[in-house]
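Notes follow once the structure below has been shown.
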Amino acid sequence: MESLGTTQLASYCGRKSCLFPELAPTSTATRDTYQSYCLPDDRYLSSGRPGLLHKVALVPAGSDTQFSPAGRPPTVLPALRSSLHARYSPRDWHHANMVQLKGSEASRHCAGRLNADSMRLMQNKDQLTYQMQEDSRRNLGERISNIDFWRSELIYELECLLKETQALETAKQRLKCAAHELQGPLKTALECLYHREMRKGIDLVHDDVEKNLIKEVDAFKDCQEILTKLAQKINQQLGINRDAQHALEQDLSDKNSACFIDEKCFNLRNTSNSINFYHGVEKADGTVSIPATWAKFSEDNIRCSQHARANSAKLREDAEGRLESTSEETWNQFISTNLAFNNRLAEVADAKNKLQAQLAKILQEIFQTEDTIMLLERSIKAKEYPLKVAQTRLEGRTKRPNIELCCDAPQLQLVTEIYTIDDTLQTLKRRLQEAHDTLQMLILNKSKLEHDISVKANSFFIDKKCMDMRKVFPSTPRLIGYA
């Protein structure tokens with residue numbers, strides 16, 4: 001197909017006057033060196049085509065044409081006669097015309113076939129190019145649809161993750177607020193324990209109030225520790241959520257860029273101004289993924305985000321349950337401690353009232369004992385004069401002379417009287433001593449009662465002060481973190 005751009009006629013007539021050479025005398029060398037052009041597809045003509053030149057009689061160069069002896073002028077001039085022998089024969093002429101016509105017809109048919117094939121080739125290639133371009137455009141459209149699908153999935157997952165993260169942040173703040181709200185009651189309970197250390201004597205007892213206060217302090221500290229640890233776990237989960245959010249945002253940003261680029265490529269037409277040649281671009285392969293790994297990447301990001309959201313939801317449920325349980329536990333312990341305080345105040349008040357009543361009785365008894373002592377002293381003093389009289393009588397009768405010292409009835413009566421009065425005095429003195437001892441005992445009991453009453457009053461004042469301190473306690477909304 002090297003001569004598709006040149007017709008057979010032009011190739012064939014590459015030499016000047018190929019069919020009709022000049023009629024000048026030709027030599028044998030000239031005839032031998034002339035080579036006629038053989039048309040393609042006309043090999044069958046070359047075998048039967050005669051030579052275009054015939055052998056002619058060579059006329060010597062120096063010979064001149066002579067007139068006939070008869071003196072008539074020749075019909076053909078001698079110069080032309082020699083050239084007549086060099087001309088083609090009619091057969092050659094017809095054969096040359098036939099060859100030319102067949103060669104032209106063959107060239108025309110070949111050119112027609114070439115043109116038809118070229119048109120079909122161009123139509124096929126145009127259709128192929130159009131189909132390939134449409135396929136590429138359809139693939140770009142499908143790719144854009146896939147990107148839009150994953151973009152919508154990523155946007156939805158990102159919105160859910162942001163809502164979950166915000167809810168988790170709120171739960172974390174609630175835990176911190178609840179732990180902070182417990183600081184006040186904890187401080188109050190510790191102050192109550194400190195103040196109750198100022199109780200005196202027997203009232204410095206490990207009673208139910210102190211037990212409940214210790215339980216309350218331990219409960220508040222445990223709740224604070226639990227809430228703080230849970231807040232730390234939530235803080236760690238927030239870090240995981242932020243990582244998942246960053247991955248989603250990065251993936252979404254990449255897909256937005258890819259979608260913009262693919263939409264720009266999708267909208268390119270053959271008439272676009274921005275198209276240009278980029279030779280060798282099809283040989284450079286800078287891809288890092290295939291459709292399966294591309295989809296799996298977004299799927300893994302979404303699955304990671306969903307896993308983070310599930311963990312966040314579980315932590316929020318744990319936080320909500322823990323806040324409710326700690327609120328209920330602290331309230332129950334607070335109420336239990338207050339009930340113990342009320343019971344203890346009632347016990348102290350009752351004991352104080354009983355002591356005060358007993359003190360009143362002791363005071364009354366002391367007054368009566370003092371009166372008894374005074375009466376006993378008077379009675380003892382009153383018995384001294386009869387004893388003096390009896391002893392004086394008995395001593396006077398000892399001075400009776402001689403036989404008159406008779407152990408008569410007066411003598412016996414006086415002796416009996418003296419012994420009786422002396423025994424009475426001893427009995428009264430013993431009773432007086434007992435009365436004094438009783439009075440001292442009553443006075444000691446009085447002092448003890450007064451001390452116990454002061455102790456009970458001090459304990460009552462301390463517990464009452466503690467109760468006044470415990471009038472303020474965080475409400476349930478504050479205990480569950482709603483400040």
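Following the order of the structure tokens, first chain is A, next is B, and so on, with residues numbered from 1 inside each chain and ligands from 1 in the order they appear.
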
- Please identify which residues in segment 101-327 of chain A DSSP calls alpha helix (DSSP H) from the backbone, and express them as a count of residues only. 191

- So which residues touch Val415 of chain A within 9 Å, counting only C-alpha atoms, skipping near sequence neighbours fewer than 4 positions away, as a VMD selection string? chain A and resid 390 to 391 394 410 to 411 419 to 420

- Message: One number please: atom CA of Glu225 of chain A to atom CA of Thr330 of chain A, in Å, one decimal.
- Response: 13.6 Å

- Work out how far apart atom CA of Thr170 of chain A and atom CA of Ala310 of chain A are and give it in Å to one decimal.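 Taking atom CA of Thr170 of chain A and atom CA of Ala310 of chain A, their separation equals 16.4 Å.
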
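The interatomic distance for the pair atom CA of Asp285 of chain A and atom CA of Asn267 of chain A works out to 23.1 Å.
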
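Distances here use only C-alpha atoms; by that measure, the residue among A:Ile366, A:Phe220, A:Glu134, A:Glu328 closest to Asn270 of chain A is A:Glu134.
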
- Task: Might you pull out every residue within 8 Å of segment 324-327 of chain A, with only C-alpha atoms counted and same-chain residues fewer than 2 positions away left off, and present them as an NGL selection string?
- Result: :A and (223 or 320-322 or 329-331 or 476 or 479-480)

- Item | Among the residues A:Gln100, A:Gln224, A:Ser454, A:Gln237, the one that comes closest to Arg316 of chain A [using only C-alpha atoms] |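 Closest residue, counting only C-alpha atoms: A:Gln237.
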
Counting only C-alpha atoms, what is within 12 Å of segment 194-209 of chain A, bar same-chain residues fewer than 2 positions away, as a compact mmCIF listing (two decimals) with N, CA and C atoms, in the first residue's frame?
```txt
# COMPACT_ATOMS: atom_id res chain seq x y z
N LYS A 187 -17.76 17.58 102.66
CA LYS A 187 -17.15 18.52 103.60
C LYS A 187 -18.02 18.68 104.85
N THR A 188 -19.33 18.74 104.66
CA THR A 188 -20.24 18.85 105.80
C THR A 188 -20.14 17.63 106.71
N ALA A 189 -20.11 16.44 106.11
CA ALA A 189 -20.00 15.22 106.91
C ALA A 189 -18.68 15.19 107.68
N LEU A 190 -17.59 15.60 107.04
CA LEU A 190 -16.31 15.64 107.74
C LEU A 190 -16.33 16.66 108.87
N GLU A 191 -16.96 17.81 108.64
CA GLU A 191 -17.07 18.81 109.70
C GLU A 191 -17.93 18.30 110.84
N CYS A 192 -18.97 17.56 110.52
CA CYS A 192 -19.81 16.96 111.58
C CYS A 192 -18.99 15.99 112.43
N LYS A 211 -21.42 6.27 113.10
CA LYS A 211 -21.34 5.19 112.11
C LYS A 211 -21.90 5.64 110.76
N ASN A 212 -23.04 6.28 110.80
CA ASN A 212 -23.65 6.75 109.56
C ASN A 212 -22.85 7.87 108.91
N LEU A 213 -22.26 8.73 109.75
CA LEU A 213 -21.41 9.77 109.18
C LEU A 213 -20.19 9.18 108.49
N ILE A 214 -19.59 8.17 109.11
CA ILE A 214 -18.43 7.51 108.49
C ILE A 214 -18.86 6.83 107.19
N LYS A 215 -20.02 6.13 107.21
CA LYS A 215 -20.54 5.52 105.99
C LYS A 215 -20.82 6.58 104.93
N GLU A 216 -21.34 7.71 105.38
CA GLU A 216 -21.66 8.78 104.44
C GLU A 216 -20.39 9.32 103.78
N GLN A 333 -28.21 7.58 102.13
CA GLN A 333 -27.26 7.70 103.24
C GLN A 333 -27.46 9.01 103.99
N PHE A 334 -27.75 10.08 103.26
CA PHE A 334 -28.01 11.36 103.90
C PHE A 334 -29.24 11.28 104.80
N ILE A 335 -30.30 10.66 104.26
CA ILE A 335 -31.52 10.52 105.06
C ILE A 335 -31.27 9.63 106.26
N SER A 336 -30.53 8.54 106.07
CA SER A 336 -30.22 7.64 107.18
C SER A 336 -29.42 8.35 108.26
N THR A 337 -28.45 9.16 107.85
CA THR A 337 -27.65 9.90 108.83
C THR A 337 -28.52 10.93 109.55
N ASN A 338 -29.36 11.63 108.81
CA ASN A 338 -30.25 12.60 109.46
C ASN A 338 -31.20 11.91 110.43
N LEU A 339 -31.69 10.73 110.07
CA LEU A 339 -32.56 9.98 110.98
C LEU A 339 -31.80 9.58 112.23
N ALA A 340 -30.55 9.15 112.04
CA ALA A 340 -29.72 8.82 113.21
C ALA A 340 -29.48 10.06 114.06
N PHE A 341 -29.26 11.20 113.42
CA PHE A 341 -29.09 12.44 114.16
C PHE A 341 -30.35 12.77 114.96
N ASN A 342 -31.50 12.66 114.32
CA ASN A 342 -32.76 12.96 115.02
C ASN A 342 -32.97 12.01 116.20
N ASN A 343 -32.69 10.72 115.95
CA ASN A 343 -32.84 9.76 117.05
C ASN A 343 -31.87 10.08 118.19
N ARG A 344 -30.64 10.43 117.79
CA ARG A 344 -29.65 10.75 118.82
C ARG A 344 -30.02 12.02 119.57
N LEU A 345 -30.51 13.01 118.86
CA LEU A 345 -30.95 14.24 119.53
C LEU A 345 -32.10 13.95 120.49
N GLU A 347 -32.66 11.06 121.94
CA GLU A 347 -32.10 10.33 123.08
C GLU A 347 -31.37 11.27 124.03
N VAL A 348 -30.56 12.17 123.47
CA VAL A 348 -29.82 13.11 124.32
C VAL A 348 -30.79 14.03 125.06
N ALA A 351 -32.43 12.00 127.76
CA ALA A 351 -31.50 11.77 128.87
C ALA A 351 -31.27 13.06 129.66
N LYS A 352 -31.15 14.14 128.93
CA LYS A 352 -30.96 15.42 129.62
C LYS A 352 -32.17 15.77 130.46
N LYS A 448 -22.45 15.37 139.71
CA LYS A 448 -22.39 14.48 138.55
C LYS A 448 -23.55 14.74 137.60
N HIS A 451 -22.87 17.82 135.79
CA HIS A 451 -21.86 17.58 134.75
C HIS A 451 -22.45 16.81 133.56
N ASP A 452 -23.23 15.77 133.92
CA ASP A 452 -23.86 15.01 132.83
C ASP A 452 -24.83 15.87 132.04
N ILE A 453 -25.53 16.70 132.74
CA ILE A 453 -26.47 17.59 132.04
C ILE A 453 -25.71 18.54 131.13
N SER A 454 -24.58 19.05 131.62
CA SER A 454 -23.77 19.94 130.78
C SER A 454 -23.21 19.16 129.58
N VAL A 455 -22.80 17.91 129.86
CA VAL A 455 -22.29 17.07 128.75
C VAL A 455 -23.39 16.82 127.73
N LYS A 456 -24.58 16.47 128.22
CA LYS A 456 -25.69 16.22 127.30
C LYS A 456 -26.07 17.49 126.56
N ALA A 457 -26.01 18.61 127.28
CA ALA A 457 -26.32 19.87 126.62
C ALA A 457 -25.29 20.17 125.54
N ASN A 458 -24.01 19.89 125.84
CA ASN A 458 -22.97 20.09 124.84
C ASN A 458 -23.17 19.17 123.64
N SER A 459 -23.48 17.90 123.93
CA SER A 459 -23.72 16.95 122.84
C SER A 459 -24.93 17.36 122.03
N PHE A 460 -25.98 17.78 122.73
CA PHE A 460 -27.18 18.21 122.03
C PHE A 460 -26.90 19.43 121.17
N PHE A 461 -26.12 20.36 121.70
CA PHE A 461 -25.77 21.55 120.94
C PHE A 461 -24.94 21.19 119.70
N ILE A 462 -24.00 20.26 119.89
CA ILE A 462 -23.15 19.86 118.75
C ILE A 462 -24.00 19.18 117.67
N ASP A 463 -24.82 18.22 118.10
CA ASP A 463 -25.65 17.52 117.11
C ASP A 463 -26.65 18.46 116.46
N LYS A 464 -27.16 19.40 117.27
CA LYS A 464 -28.10 20.37 116.69
C LYS A 464 -27.38 21.26 115.68
N LYS A 465 -26.15 21.64 116.01
CA LYS A 465 -25.35 22.43 115.08
C LYS A 465 -25.07 21.63 113.81
N CYS A 466 -24.77 20.35 113.98
CA CYS A 466 -24.54 19.50 112.80
C CYS A 466 -25.80 19.39 111.96
N MET A 467 -26.93 19.27 112.62
CA MET A 467 -28.18 19.20 111.87
C MET A 467 -28.45 20.49 111.12
N MET A 469 -26.15 22.40 110.00
CA MET A 469 -25.22 22.38 108.86
C MET A 469 -25.74 21.49 107.74
```

Against segment 252-266 of chain A, which residues of segment 98-148 of chain A fall within 8 Å? For each one I want the closest pair of atoms and the distance in Å (one decimal), counting only C-alpha atoms, rows by chain and increasing residue number, as a tab-separated table.
```
residue	atom	partner	partner_atom	distance
A:Arg137	CA	A:Phe266	CA	5.8
A:Leu140	CA	A:Phe266	CA	6.0
A:Gly141	CA	A:Phe266	CA	6.9
A:Arg143	CA	A:Asp262	CA	7.9
A:Ile144	CA	A:Cys259	CA	6.0
A:Ile147	CA	A:Lys255	CA	6.4
A:Asp148	CA	A:Cys259	CA	7.6
```

- Message: List as a ChimeraX atom specification the protein and nucleic acid residues near Tyr385 of chain A, meaning an atom at most 12 Å away when only C-alpha atoms are counted, but skip any in the same chain fewer than 4 places from it.
- Response: /A:378-381,389-392,418,421-422,425
